[in-house]
file input.cif (mmCIF, C-alpha atoms)
data_input
#
loop_
_atom_site.group_PDB
_atom_site.id
_atom_site.type_symbol
_atom_site.label_atom_id
_atom_site.label_comp_id
_atom_site.auth_asym_id
_atom_site.auth_seq_id
_atom_site.Cartn_x
_atom_site.Cartn_y
_atom_site.Cartn_z
ATOM 1 C CA MET A 1 -36.375 30.717 88.720
ATOM 2 C CA ASP A 2 -33.469 32.136 86.679
ATOM 3 C CA PHE A 3 -31.389 29.208 87.699
ATOM 4 C CA ALA A 4 -34.082 26.833 86.585
ATOM 5 C CA LEU A 5 -34.379 28.589 83.214
ATOM 6 C CA SER A 6 -30.623 28.507 82.687
ATOM 7 C CA ARG A 7 -30.614 24.745 83.349
ATOM 8 C CA ALA A 8 -33.552 24.228 81.001
ATOM 9 C CA MET A 9 -31.989 25.984 77.944
ATOM 10 C CA PRO A 10 -29.174 23.443 77.288
ATOM 11 C CA ARG A 11 -31.736 20.644 77.414
ATOM 12 C CA SER A 12 -33.611 22.255 74.443
ATOM 13 C CA ARG A 13 -30.558 22.223 72.085
ATOM 14 C CA PRO A 14 -30.452 18.428 71.549
ATOM 15 C CA ALA A 15 -34.080 18.661 70.525
ATOM 16 C CA VAL A 16 -33.185 21.248 67.846
ATOM 17 C CA ARG A 17 -30.298 19.105 66.562
ATOM 18 C CA SER A 18 -32.575 16.113 66.441
ATOM 19 C CA LYS A 19 -35.018 18.030 64.274
ATOM 20 C CA LYS A 20 -32.242 18.965 61.815
ATOM 21 C CA ALA A 21 -31.067 15.359 61.665
ATOM 22 C CA ARG A 22 -34.564 14.223 60.897
ATOM 23 C CA THR A 23 -34.750 16.771 58.069
ATOM 24 C CA ALA A 24 -31.425 15.560 56.619
ATOM 25 C CA LEU A 25 -32.522 11.960 56.857
ATOM 26 C CA ILE A 26 -35.730 12.773 55.035
ATOM 27 C CA ALA A 27 -33.808 14.591 52.270
ATOM 28 C CA GLY A 28 -31.381 11.694 51.938
ATOM 29 C CA ALA A 29 -34.217 9.254 51.703
ATOM 30 C CA CYS A 30 -35.720 11.302 48.903
ATOM 31 C CA VAL A 31 -32.452 11.145 46.989
ATOM 32 C CA ILE A 32 -32.231 7.386 47.462
ATOM 33 C CA VAL A 33 -35.800 6.963 46.303
ATOM 34 C CA GLY A 34 -35.066 9.093 43.227
ATOM 35 C CA VAL A 35 -31.989 7.044 42.338
ATOM 36 C CA ALA A 36 -33.876 3.824 42.856
ATOM 37 C CA PHE A 37 -36.640 5.090 40.580
ATOM 38 C CA ASN A 38 -34.116 5.927 37.824
ATOM 39 C CA ILE A 39 -32.454 2.535 38.185
ATOM 40 C CA ALA A 40 -35.769 0.800 37.907
ATOM 41 C CA ARG A 41 -36.726 2.885 34.855
ATOM 42 C CA GLU A 42 -33.386 2.455 32.997
ATOM 43 C CA GLY A 43 -32.917 -1.197 33.824
ATOM 44 C CA GLY A 44 -29.528 -1.000 35.520
ATOM 45 C CA PRO A 45 -27.023 1.155 37.351
ATOM 46 C CA PRO A 46 -25.632 4.280 35.717
ATOM 47 C CA ARG A 47 -22.915 3.325 33.119
ATOM 48 C CA GLU A 48 -19.418 4.619 33.642
ATOM 49 C CA GLY A 49 -18.060 6.667 30.763
ATOM 50 C CA THR A 50 -15.534 4.957 28.489
ATOM 51 C CA ARG A 51 -12.047 6.367 28.028
ATOM 52 C CA ALA A 52 -13.045 7.833 24.690
ATOM 53 C CA GLU A 53 -16.082 9.537 26.309
ATOM 54 C CA VAL A 54 -14.364 11.015 29.327
ATOM 55 C CA SER A 55 -11.024 11.942 27.730
ATOM 56 C CA PRO A 56 -10.737 15.385 26.116
ATOM 57 C CA PRO A 57 -10.278 15.398 22.318
ATOM 58 C CA PRO A 58 -6.688 15.773 21.066
ATOM 59 C CA SER A 59 -5.447 19.211 20.217
ATOM 60 C CA PRO A 60 -5.883 20.016 16.487
ATOM 61 C CA ALA A 61 -2.258 21.138 16.397
ATOM 62 C CA VAL A 62 -0.994 17.674 17.307
ATOM 63 C CA PRO A 63 -1.403 15.021 14.568
ATOM 64 C CA VAL A 64 -3.061 11.860 15.768
ATOM 65 C CA SER A 65 -1.327 8.663 14.681
ATOM 66 C CA SER A 66 -4.134 6.158 14.807
ATOM 67 C CA PRO A 67 -6.649 4.453 12.516
ATOM 68 C CA ALA A 68 -8.854 7.513 12.985
ATOM 69 C CA ARG A 69 -6.614 9.300 10.487
ATOM 70 C CA VAL A 70 -7.845 7.050 7.683
ATOM 71 C CA PRO A 71 -10.069 9.179 5.420
ATOM 72 C CA ALA A 72 -13.748 8.389 5.692
ATOM 73 C CA ALA A 73 -13.864 7.579 1.984
ATOM 74 C CA ALA A 74 -11.428 4.720 2.516
ATOM 75 C CA GLY A 75 -14.107 2.906 4.460
ATOM 76 C CA THR A 76 -13.907 -0.159 6.602
ATOM 77 C CA ALA A 77 -11.419 -1.909 4.324
ATOM 78 C CA ALA A 78 -8.697 0.686 4.917
ATOM 79 C CA LEU A 79 -9.329 0.657 8.648
ATOM 80 C CA THR A 80 -9.093 -3.134 8.678
ATOM 81 C CA ALA A 81 -5.802 -2.937 6.808
ATOM 82 C CA ASN A 82 -4.366 -0.708 9.541
ATOM 83 C CA LEU A 83 -5.546 -3.128 12.203
ATOM 84 C CA ARG A 84 -4.133 -6.119 10.320
ATOM 85 C CA GLN A 85 -4.756 -9.486 11.840
ATOM 86 C CA PRO A 86 -2.604 -12.549 11.055
ATOM 87 C CA ALA A 87 -2.831 -13.789 7.479
ATOM 88 C CA LEU A 88 -5.792 -15.917 6.534
ATOM 89 C CA SER A 89 -5.400 -19.600 5.897
ATOM 90 C CA LEU A 90 -5.652 -20.604 2.254
ATOM 91 C CA ASP A 91 -8.898 -22.436 3.024
ATOM 92 C CA GLU A 92 -10.374 -19.257 4.465
ATOM 93 C CA LEU A 93 -9.168 -17.259 1.466
ATOM 94 C CA GLN A 94 -10.832 -19.747 -0.861
ATOM 95 C CA ARG A 95 -14.066 -19.507 1.119
ATOM 96 C CA ARG A 96 -14.075 -15.713 0.896
ATOM 97 C CA LEU A 97 -13.344 -15.732 -2.829
ATOM 98 C CA ALA A 98 -15.932 -18.366 -3.681
ATOM 99 C CA GLY A 99 -19.112 -17.015 -5.193
ATOM 100 C CA GLY A 100 -18.076 -13.372 -5.024
ATOM 101 C CA ASP A 101 -18.340 -10.929 -7.899
ATOM 102 C CA SER A 102 -15.281 -9.215 -9.381
ATOM 103 C CA SER A 103 -15.515 -6.224 -7.026
ATOM 104 C CA SER A 104 -15.710 -8.295 -3.867
ATOM 105 C CA ARG A 105 -12.878 -10.532 -5.053
ATOM 106 C CA GLU A 106 -10.710 -7.518 -5.763
ATOM 107 C CA LEU A 107 -11.349 -6.228 -2.259
ATOM 108 C CA VAL A 108 -10.447 -9.574 -0.674
ATOM 109 C CA LEU A 109 -7.241 -9.864 -2.674
ATOM 110 C CA ARG A 110 -6.210 -6.295 -1.919
ATOM 111 C CA GLU A 111 -6.725 -6.821 1.799
ATOM 112 C CA GLU A 112 -5.379 -10.345 2.230
ATOM 113 C CA LEU A 113 -2.712 -11.101 -0.383
ATOM 114 C CA PRO A 114 0.090 -8.914 1.064
ATOM 115 C CA ALA A 115 0.071 -10.821 4.361
ATOM 116 C CA LEU A 116 -0.219 -14.191 2.631
ATOM 117 C CA VAL A 117 2.712 -13.485 0.313
ATOM 118 C CA ALA A 118 4.801 -12.167 3.188
ATOM 119 C CA ARG A 119 4.119 -15.309 5.231
ATOM 120 C CA ASP A 120 4.609 -18.000 2.573
ATOM 121 C CA PRO A 121 5.007 -16.849 -1.050
ATOM 122 C CA GLU A 122 5.558 -20.370 -2.395
ATOM 123 C CA ALA A 123 2.302 -21.615 -0.889
ATOM 124 C CA ILE A 124 0.155 -18.787 -2.215
ATOM 125 C CA ALA A 125 1.914 -19.040 -5.603
ATOM 126 C CA ARG A 126 1.013 -22.715 -5.795
ATOM 127 C CA TYR A 127 -2.546 -21.894 -4.753
ATOM 128 C CA ALA A 128 -2.739 -19.358 -7.609
ATOM 129 C CA GLU A 129 -1.466 -21.906 -10.149
ATOM 130 C CA LEU A 130 -4.165 -24.410 -9.189
ATOM 131 C CA GLU A 131 -7.086 -21.970 -9.285
ATOM 132 C CA ALA A 132 -9.744 -23.352 -11.641
ATOM 133 C CA ASP A 133 -11.426 -20.036 -12.457
ATOM 134 C CA ILE A 134 -9.354 -18.700 -15.375
ATOM 135 C CA GLN A 135 -10.035 -15.022 -14.685
ATOM 136 C CA LEU A 136 -9.332 -15.342 -10.970
ATOM 137 C CA ARG A 137 -6.221 -17.423 -11.699
ATOM 138 C CA GLU A 138 -4.739 -14.684 -13.862
ATOM 139 C CA GLN A 139 -5.562 -12.059 -11.262
ATOM 140 C CA LEU A 140 -3.995 -14.126 -8.494
ATOM 141 C CA ILE A 141 -0.823 -14.899 -10.433
ATOM 142 C CA ARG A 142 -0.190 -11.310 -11.459
ATOM 143 C CA GLN A 143 -0.797 -9.859 -8.006
ATOM 144 C CA VAL A 144 1.188 -12.531 -6.187
ATOM 145 C CA ALA A 145 4.110 -12.048 -8.587
ATOM 146 C CA GLN A 146 4.157 -8.286 -8.102
ATOM 147 C CA LEU A 147 4.030 -8.550 -4.311
ATOM 148 C CA TRP A 148 6.701 -11.240 -4.258
ATOM 149 C CA ALA A 149 8.972 -9.231 -6.578
ATOM 150 C CA LYS A 150 9.092 -6.407 -4.041
ATOM 151 C CA THR A 151 10.889 -8.647 -1.537
ATOM 152 C CA ASP A 152 12.584 -11.310 -3.675
ATOM 153 C CA ALA A 153 12.676 -10.476 -7.363
ATOM 154 C CA ASP A 154 14.809 -13.474 -8.351
ATOM 155 C CA ARG A 155 12.458 -16.060 -6.872
ATOM 156 C CA ALA A 156 9.399 -14.260 -8.183
ATOM 157 C CA MET A 157 10.855 -14.160 -11.691
ATOM 158 C CA ALA A 158 11.910 -17.815 -11.490
ATOM 159 C CA TRP A 159 8.367 -18.794 -10.510
ATOM 160 C CA VAL A 160 6.718 -16.834 -13.311
ATOM 161 C CA THR A 161 9.228 -18.153 -15.845
ATOM 162 C CA SER A 162 8.338 -21.706 -14.810
ATOM 163 C CA LEU A 163 4.661 -21.202 -15.698
ATOM 164 C CA PRO A 164 3.334 -22.626 -18.968
ATOM 165 C CA GLU A 165 3.598 -20.315 -21.959
ATOM 166 C CA SER A 166 0.517 -18.106 -22.167
ATOM 167 C CA PRO A 167 -0.490 -14.455 -22.498
ATOM 168 C CA GLU A 168 -0.901 -14.254 -18.704
ATOM 169 C CA ARG A 169 2.679 -15.463 -18.241
ATOM 170 C CA GLN A 170 4.021 -12.798 -20.610
ATOM 171 C CA ALA A 171 1.968 -10.101 -18.905
ATOM 172 C CA THR A 172 3.184 -11.226 -15.486
ATOM 173 C CA LEU A 173 6.834 -11.187 -16.584
ATOM 174 C CA ILE A 174 6.308 -7.562 -17.607
ATOM 175 C CA ASP A 175 4.647 -6.831 -14.257
ATOM 176 C CA VAL A 176 7.614 -8.229 -12.343
ATOM 177 C CA SER A 177 10.169 -6.250 -14.356
ATOM 178 C CA LEU A 178 8.290 -2.964 -13.997
ATOM 179 C CA THR A 179 7.708 -3.548 -10.270
ATOM 180 C CA VAL A 180 11.433 -4.028 -9.687
ATOM 181 C CA ALA A 181 12.220 -0.991 -11.867
ATOM 182 C CA GLU A 182 10.385 1.237 -9.400
ATOM 183 C CA THR A 183 13.240 0.821 -6.927
ATOM 184 C CA ASP A 184 16.096 -0.875 -8.840
ATOM 185 C CA ALA A 185 16.153 -0.160 -12.560
ATOM 186 C CA PRO A 186 19.532 -1.865 -13.217
ATOM 187 C CA ARG A 187 18.247 -5.079 -11.644
ATOM 188 C CA ALA A 188 15.001 -4.784 -13.584
ATOM 189 C CA ALA A 189 16.923 -4.394 -16.861
ATOM 190 C CA THR A 190 18.895 -7.545 -16.108
ATOM 191 C CA LEU A 191 15.734 -9.471 -15.257
ATOM 192 C CA ARG A 192 14.020 -8.345 -18.436
ATOM 193 C CA ASP A 193 17.111 -9.188 -20.456
ATOM 194 C CA THR A 194 16.904 -12.800 -19.247
ATOM 195 C CA VAL A 195 13.416 -12.989 -20.763
ATOM 196 C CA VAL A 196 13.844 -11.206 -24.121
ATOM 197 C CA GLY A 197 17.543 -11.620 -24.820
ATOM 198 C CA ASN A 198 19.653 -9.027 -26.616
ATOM 199 C CA ILE A 199 18.455 -9.305 -30.192
ATOM 200 C CA GLU A 200 14.925 -8.057 -30.845
ATOM 201 C CA PRO A 201 13.649 -4.638 -29.691
ATOM 202 C CA ASP A 202 11.503 -4.753 -26.579
ATOM 203 C CA GLY A 203 9.410 -1.825 -25.437
ATOM 204 C CA VAL A 204 9.472 -2.896 -21.778
ATOM 205 C CA LEU A 205 13.257 -3.080 -21.726
ATOM 206 C CA GLU A 206 13.416 0.311 -23.416
ATOM 207 C CA ALA A 207 11.141 1.836 -20.766
ATOM 208 C CA ILE A 208 13.265 0.366 -17.966
ATOM 209 C CA VAL A 209 16.495 1.673 -19.497
ATOM 210 C CA GLN A 210 14.937 5.120 -19.881
ATOM 211 C CA ARG A 211 13.977 5.129 -16.214
ATOM 212 C CA TRP A 212 17.465 3.989 -15.308
ATOM 213 C CA ALA A 213 19.025 6.785 -17.398
ATOM 214 C CA GLU A 214 16.849 9.383 -15.686
ATOM 215 C CA ARG A 215 18.445 8.388 -12.378
ATOM 216 C CA ASP A 216 21.914 7.254 -13.471
ATOM 217 C CA PHE A 217 22.653 8.185 -17.050
ATOM 218 C CA ASP A 218 26.265 7.007 -17.106
ATOM 219 C CA GLY A 219 25.364 3.598 -15.690
ATOM 220 C CA ALA A 220 22.550 3.072 -18.192
ATOM 221 C CA HIS A 221 24.727 4.288 -21.074
ATOM 222 C CA ALA A 222 27.541 1.894 -20.183
ATOM 223 C CA TRP A 223 25.081 -1.028 -19.987
ATOM 224 C CA VAL A 224 23.600 -0.232 -23.394
ATOM 225 C CA GLU A 225 26.977 0.238 -25.058
ATOM 226 C CA ALA A 226 28.116 -3.174 -23.809
ATOM 227 C CA ARG A 227 25.347 -4.886 -25.772
ATOM 228 C CA PRO A 228 25.606 -6.181 -29.350
ATOM 229 C CA ARG A 229 25.233 -3.556 -32.040
ATOM 230 C CA ASN A 230 21.840 -4.364 -33.488
ATOM 231 C CA LEU A 231 18.356 -2.894 -33.754
ATOM 232 C CA GLN A 232 17.652 -3.486 -30.063
ATOM 233 C CA HIS A 233 20.823 -1.563 -29.176
ATOM 234 C CA ASP A 234 19.762 1.323 -31.389
ATOM 235 C CA LYS A 235 16.290 1.497 -29.835
ATOM 236 C CA LEU A 236 17.790 1.567 -26.347
ATOM 237 C CA LEU A 237 20.244 4.242 -27.413
ATOM 238 C CA GLN A 238 17.392 6.351 -28.754
ATOM 239 C CA ARG A 239 15.920 6.324 -25.242
ATOM 240 C CA LEU A 240 19.194 7.701 -23.921
ATOM 241 C CA VAL A 241 19.125 10.435 -26.546
ATOM 242 C CA TYR A 242 15.576 11.241 -25.453
ATOM 243 C CA VAL A 243 16.634 11.544 -21.797
ATOM 244 C CA ARG A 244 19.445 13.956 -22.692
ATOM 245 C CA ALA A 245 17.323 16.058 -25.056
ATOM 246 C CA SER A 246 14.296 16.239 -22.760
ATOM 247 C CA GLY A 247 16.594 17.314 -19.939
ATOM 248 C CA GLY A 248 17.855 20.272 -21.987
ATOM 249 C CA ALA A 249 21.290 18.848 -22.871
ATOM 250 C CA LEU A 250 20.697 19.242 -26.620
ATOM 251 C CA ALA A 251 24.336 19.616 -27.620
ATOM 252 C CA GLU A 252 25.289 16.433 -25.812
ATOM 253 C CA ALA A 253 22.318 14.609 -27.336
ATOM 254 C CA SER A 254 23.411 15.724 -30.829
ATOM 255 C CA ARG A 255 26.970 14.510 -30.242
ATOM 256 C CA MET A 256 25.585 11.140 -29.110
ATOM 257 C CA VAL A 257 23.574 10.843 -32.325
ATOM 258 C CA ASP A 258 26.652 11.539 -34.464
ATOM 259 C CA ALA A 259 29.016 9.264 -32.515
ATOM 260 C CA SER A 260 26.855 6.310 -31.528
ATOM 261 C CA PHE A 261 24.683 5.519 -34.548
ATOM 262 C CA ASP A 262 25.573 4.142 -37.936
ATOM 263 C CA ASP A 263 23.950 5.949 -40.822
ATOM 264 C CA GLY A 264 20.438 4.680 -41.369
ATOM 265 C CA ALA A 265 16.901 4.797 -40.069
ATOM 266 C CA SER A 266 17.861 4.522 -36.393
ATOM 267 C CA LYS A 267 20.184 7.521 -36.643
ATOM 268 C CA SER A 268 17.522 9.565 -38.451
ATOM 269 C CA GLU A 269 14.986 8.734 -35.747
ATOM 270 C CA ALA A 270 17.419 9.764 -33.006
ATOM 271 C CA ALA A 271 18.185 13.029 -34.810
ATOM 272 C CA ALA A 272 14.460 13.720 -35.089
ATOM 273 C CA ILE A 273 14.143 13.404 -31.298
ATOM 274 C CA VAL A 274 16.769 16.093 -30.804
ATOM 275 C CA SER A 275 15.178 18.333 -33.458
ATOM 276 C CA ARG A 276 11.798 18.090 -31.784
ATOM 277 C CA PHE A 277 13.149 19.351 -28.472
ATOM 278 C CA SER A 278 15.263 22.011 -30.181
ATOM 279 C CA GLU A 279 12.196 23.432 -31.868
ATOM 280 C CA ALA A 280 10.266 23.355 -28.594
ATOM 281 C CA GLN A 281 12.923 25.539 -26.967
ATOM 282 C CA ARG A 282 12.883 28.195 -29.673
#

call {"tool": "encode", "arguments": {"input": "input.cif", "output": "C-alpha cells"}}
result
Amino acid sequence: MDFALSRAMPRSRPAVRSKKARTALIAGACVIVGVAFNIAREGGPPREGTRAEVSPPPSPAVPVSSPARVPAAAGTAALTANLRQPALSLDELQRRLAGGDSSSRELVLREELPALVARDPEAIARYAELEADIQLREQLIRQVAQLWAKTDADRAMAWVTSLPESPERQATLIDVSLTVAETDAPRAATLRDTVVGNIEPDGVLEAIVQRWAERDFDGAHAWVEARPRNLQHDKLLQRLVYVRASGGALAEASRMVDASFDDGASKSEAAAIVSRFSEAQR
C-alpha cells in the first residue's frame, strides 16, 4: 500500500503543473484580448515615441545651439531664416511680392534678398531696376545696394552711380557709403568723395570722417589735411576738433583750432565747439 502511494504521488505533479500552465495561458489570453481591444479602439498599433519625446531635455547649464534658441517673439520668419533654404528664383520672388501689402513685402525682402544678392547680385540688381511699382522699386534698389556693398562696395557703388539721376539714387549712394563706413571708414570716405568731390560741404562725408577719426584720428587727420583748403575742408576739420574735444583732449583741440584754421567763421565755429566742452567739464 505504501509502495503504491509512493508511486502515485509523482503522477499527481504533472497534473498540478498543467493547471498552472492553463492559468498562465488564460492570463496571457486576457492580455492579448486587452491589447487587441485598444488597437481596435485607437485605430492602429501603439506609436513609438519620437527622439524629441524620448530624449531627456538638455541641461539648463549647457546652451543649446539650435533654432530653438530663437526668441518666441521673432516668430516663424526668424526660424525660417535659421533654416535657410536655397535662394528663390526671381520668378518666385515676383510671385511672392505681387499683391502684398507693405508689411508682407518687407517681410519677404528681409527673408529672401540676402540669399539672392549673395548668389547673383547683378541679376537681382537688374530685377530691381525693372520693377514697375515705384515704391517697391526704391525699396528694392536701396536694400540690394546695401547688401551688395557689404561684400563688394566698388561694384555696388558703380551700379548705383549708373542709375538715372533721381532722389532714390542720391539716397542709395548715401546708404552705400554709410554701410561701408560701419567696417571701413577710410574706404567709405573715398567712395563718398567720388560722388561729391572736394569742393562743397557734405554732411555724409563729414559723418564718415568723424567716425574714421574716432577709430584712427591720425589717419583721418592726414586725409583731411591733404584736401584743398576750402569750406569743405574746414567743415571736415571741425569734425576732427569735435572728436578731440569730446574725448577730453581740450588742449590739443584748442591748438588745432589755432593752427589749422584761417581767421573767419569756420575758426569761430571750431573754437565754439571747444568752449562748449570746456564749460561742460567745469

call {"tool": "closest_residue", "arguments": {"input": "input.cif", "among": "A:Pro121, A:Gly197, A:Pro228, A:Pro186", "to": "Trp212 of chain A", "atoms": "all atoms listed in the file"}}
result
A:Pro186

call {"tool": "closest_atom_pairs", "arguments": {"input": "input.cif", "of": "segment 117-221 of chain A", "to": "segment 240-255 of chain A", "cutoff": "8 Å", "atoms": "all atoms listed in the file", "output": "tab-separated table"}}
result
residue	atom	partner	partner_atom	distance
A:Val209	CA	A:Leu240	CA	7.9
A:Gln210	CA	A:Leu240	CA	6.4
A:Ala213	CA	A:Leu240	CA	6.6
A:Glu214	CA	A:Val243	CA	6.5
A:Phe217	CA	A:Leu240	CA	7.7
A:His221	CA	A:Leu240	CA	7.1

call {"tool": "atom_distance", "arguments": {"input": "input.cif", "atom1": "atom CA of Asp234 of chain A", "atom2": "atom CA of Ala280 of chain A"}}
result
24.2 Å

call {"tool": "closest_residue", "arguments": {"input": "input.cif", "among": "A:Leu116, A:Leu136, A:Val224, A:Ile124", "to": "Leu97 of chain A", "atoms": "all atoms listed in the file"}}
result
A:Leu136

call {"tool": "resolve_selection", "arguments": {"input": "input.cif", "expression": "the PyMOL selection byres ((chain A and resi 184) around 12)", "output": "ChimeraX atom specification"}}
result
/A:149-151,153,176-183,185-191,208-209,211-213,215-216

call {"tool": "resolve_selection", "arguments": {"input": "input.cif", "expression": "the PyMOL selection byres ((chain A and resi 163) around 12)", "output": "short mmCIF file (atom, residue, chain, number, x, y, z; two decimals) with C-alpha atoms, keeping the file's coordinate frame"}}
result
data_model
loop_
_atom_site.label_atom_id
_atom_site.label_comp_id
_atom_site.auth_asym_id
_atom_site.auth_seq_id
_atom_site.Cartn_x
_atom_site.Cartn_y
_atom_site.Cartn_z
CA ALA A 125 1.91 -19.04 -5.60
CA ARG A 126 1.01 -22.72 -5.80
CA ALA A 128 -2.74 -19.36 -7.61
CA GLU A 129 -1.47 -21.91 -10.15
CA LEU A 130 -4.16 -24.41 -9.19
CA GLU A 138 -4.74 -14.68 -13.86
CA ILE A 141 -0.82 -14.90 -10.43
CA ARG A 142 -0.19 -11.31 -11.46
CA ALA A 145 4.11 -12.05 -8.59
CA ALA A 156 9.40 -14.26 -8.18
CA MET A 157 10.86 -14.16 -11.69
CA ALA A 158 11.91 -17.82 -11.49
CA TRP A 159 8.37 -18.79 -10.51
CA VAL A 160 6.72 -16.83 -13.31
CA THR A 161 9.23 -18.15 -15.84
CA SER A 162 8.34 -21.71 -14.81
CA PRO A 164 3.33 -22.63 -18.97
CA GLU A 165 3.60 -20.32 -21.96
CA SER A 166 0.52 -18.11 -22.17
CA PRO A 167 -0.49 -14.46 -22.50
CA GLU A 168 -0.90 -14.25 -18.70
CA ARG A 169 2.68 -15.46 -18.24
CA GLN A 170 4.02 -12.80 -20.61
CA ALA A 171 1.97 -10.10 -18.90
CA THR A 172 3.18 -11.23 -15.49
CA LEU A 173 6.83 -11.19 -16.58
#

call {"tool": "closest_residue", "arguments": {"input": "input.cif", "among": "A:Glu200, A:Asp193, A:Glu122, A:Asp258", "to": "Asp152 of chain A", "atoms": "only C-alpha atoms"}}
result
A:Glu122

call {"tool": "atom_distance", "arguments": {"input": "input.cif", "atom1": "atom CA of Arg105 of chain A", "atom2": "atom CA of Gln139 of chain A"}}
result
9.7 Å

call {"tool": "atom_distance", "arguments": {"input": "input.cif", "atom1": "atom CA of Arg96 of chain A", "atom2": "atom CA of Ala123 of chain A"}}
result
17.5 Å

call {"tool": "closest_residue", "arguments": {"input": "input.cif", "among": "A:Glu106, A:Glu111, A:Asp262, A:Glu131", "to": "Gln94 of chain A", "atoms": "all atoms listed in the file"}}
result
A:Glu131

call {"tool": "closest_residue", "arguments": {"input": "input.cif", "among": "A:Leu93, A:Met256, A:Asn198, A:Glu279", "to": "Ala226 of chain A", "atoms": "all atoms listed in the file"}}
result
A:Asn198

call {"tool": "residues_around", "arguments": {"input": "input.cif", "residues": "Phe261 of chain A", "least_positions_apart": "3", "cutoff": "10 Å", "atoms": "all atoms listed in the file", "output": "list in words"}}
result
Arg229, His233, Asp234, Leu237, Gln238, Met256, Val257, Asp258, Gly264, Ala265, Ser266, Lys267, Ser268, Ala270 and Ala271 of chain A

call {"tool": "axis_aligned_box", "arguments": {"input": "input.cif", "around": "segment 160-173 of chain A", "padding_each_side": "6 Å", "output": "lines of an AutoDock Vina configuration file"}}
result
center_x = 4.2
center_y = -16.4
center_z = -17.9
size_x = 22.1
size_y = 24.5
size_z = 21.2

call {"tool": "closest_residue", "arguments": {"input": "input.cif", "among": "A:Asp120, A:Asp175, A:Asp154, A:Glu206", "to": "Leu90 of chain A", "atoms": "only C-alpha atoms"}}
result
A:Asp120

call {"tool": "decode", "arguments": {"input": "input.cif", "residues": "segment 246-261 of chain A", "atoms": "N, CA and C atoms", "output": "CSV table (one decimal), in the first residue's frame"}}
result
chain,number,residue,atom,x,y,z
A,246,SER,N,35.5,116.2,-27.5
A,246,SER,CA,34.5,115.3,-26.9
A,246,SER,C,35.3,114.2,-26.1
A,247,GLY,N,36.5,113.9,-26.6
A,247,GLY,CA,37.3,112.8,-25.9
A,247,GLY,C,38.1,113.3,-24.8
A,248,GLY,N,38.0,114.6,-24.5
A,248,GLY,CA,38.6,115.2,-23.3
A,248,GLY,C,40.0,115.8,-23.6
A,249,ALA,N,40.4,115.8,-24.8
A,249,ALA,CA,41.7,116.4,-25.2
A,249,ALA,C,41.5,117.8,-25.6
A,250,LEU,N,41.1,118.7,-24.6
A,250,LEU,CA,40.7,120.0,-24.9
A,250,LEU,C,41.9,120.9,-25.3
A,251,ALA,N,43.1,120.7,-24.7
A,251,ALA,CA,44.3,121.5,-25.1
A,251,ALA,C,44.7,121.2,-26.5
A,252,GLU,N,44.7,119.9,-26.9
A,252,GLU,CA,45.0,119.6,-28.3
A,252,GLU,C,44.0,120.1,-29.3
A,253,ALA,N,42.7,120.1,-28.9
A,253,ALA,CA,41.7,120.6,-29.8
A,253,ALA,C,41.9,122.1,-30.0
A,254,SER,N,42.2,122.8,-28.9
A,254,SER,CA,42.5,124.3,-29.0
A,254,SER,C,43.7,124.6,-29.9
A,255,ARG,N,44.7,123.8,-29.8
A,255,ARG,CA,45.9,124.0,-30.6
A,255,ARG,C,45.5,123.8,-32.1
A,256,MET,N,44.7,122.8,-32.3
A,256,MET,CA,44.2,122.5,-33.7
A,256,MET,C,43.5,123.7,-34.3
A,257,VAL,N,42.6,124.3,-33.5
A,257,VAL,CA,41.8,125.5,-33.9
A,257,VAL,C,42.8,126.6,-34.3
A,258,ASP,N,43.8,126.9,-33.5
A,258,ASP,CA,44.7,128.0,-33.7
A,258,ASP,C,45.6,127.7,-35.0
A,259,ALA,N,46.0,126.5,-35.2
A,259,ALA,CA,47.0,126.2,-36.2
A,259,ALA,C,46.4,125.8,-37.5
A,260,SER,N,45.1,125.3,-37.6
A,260,SER,CA,44.6,124.7,-38.8
A,260,SER,C,43.6,125.6,-39.5
A,261,PHE,N,43.1,126.6,-38.8
A,261,PHE,CA,42.0,127.4,-39.4
A,261,PHE,C,42.5,128.8,-39.7
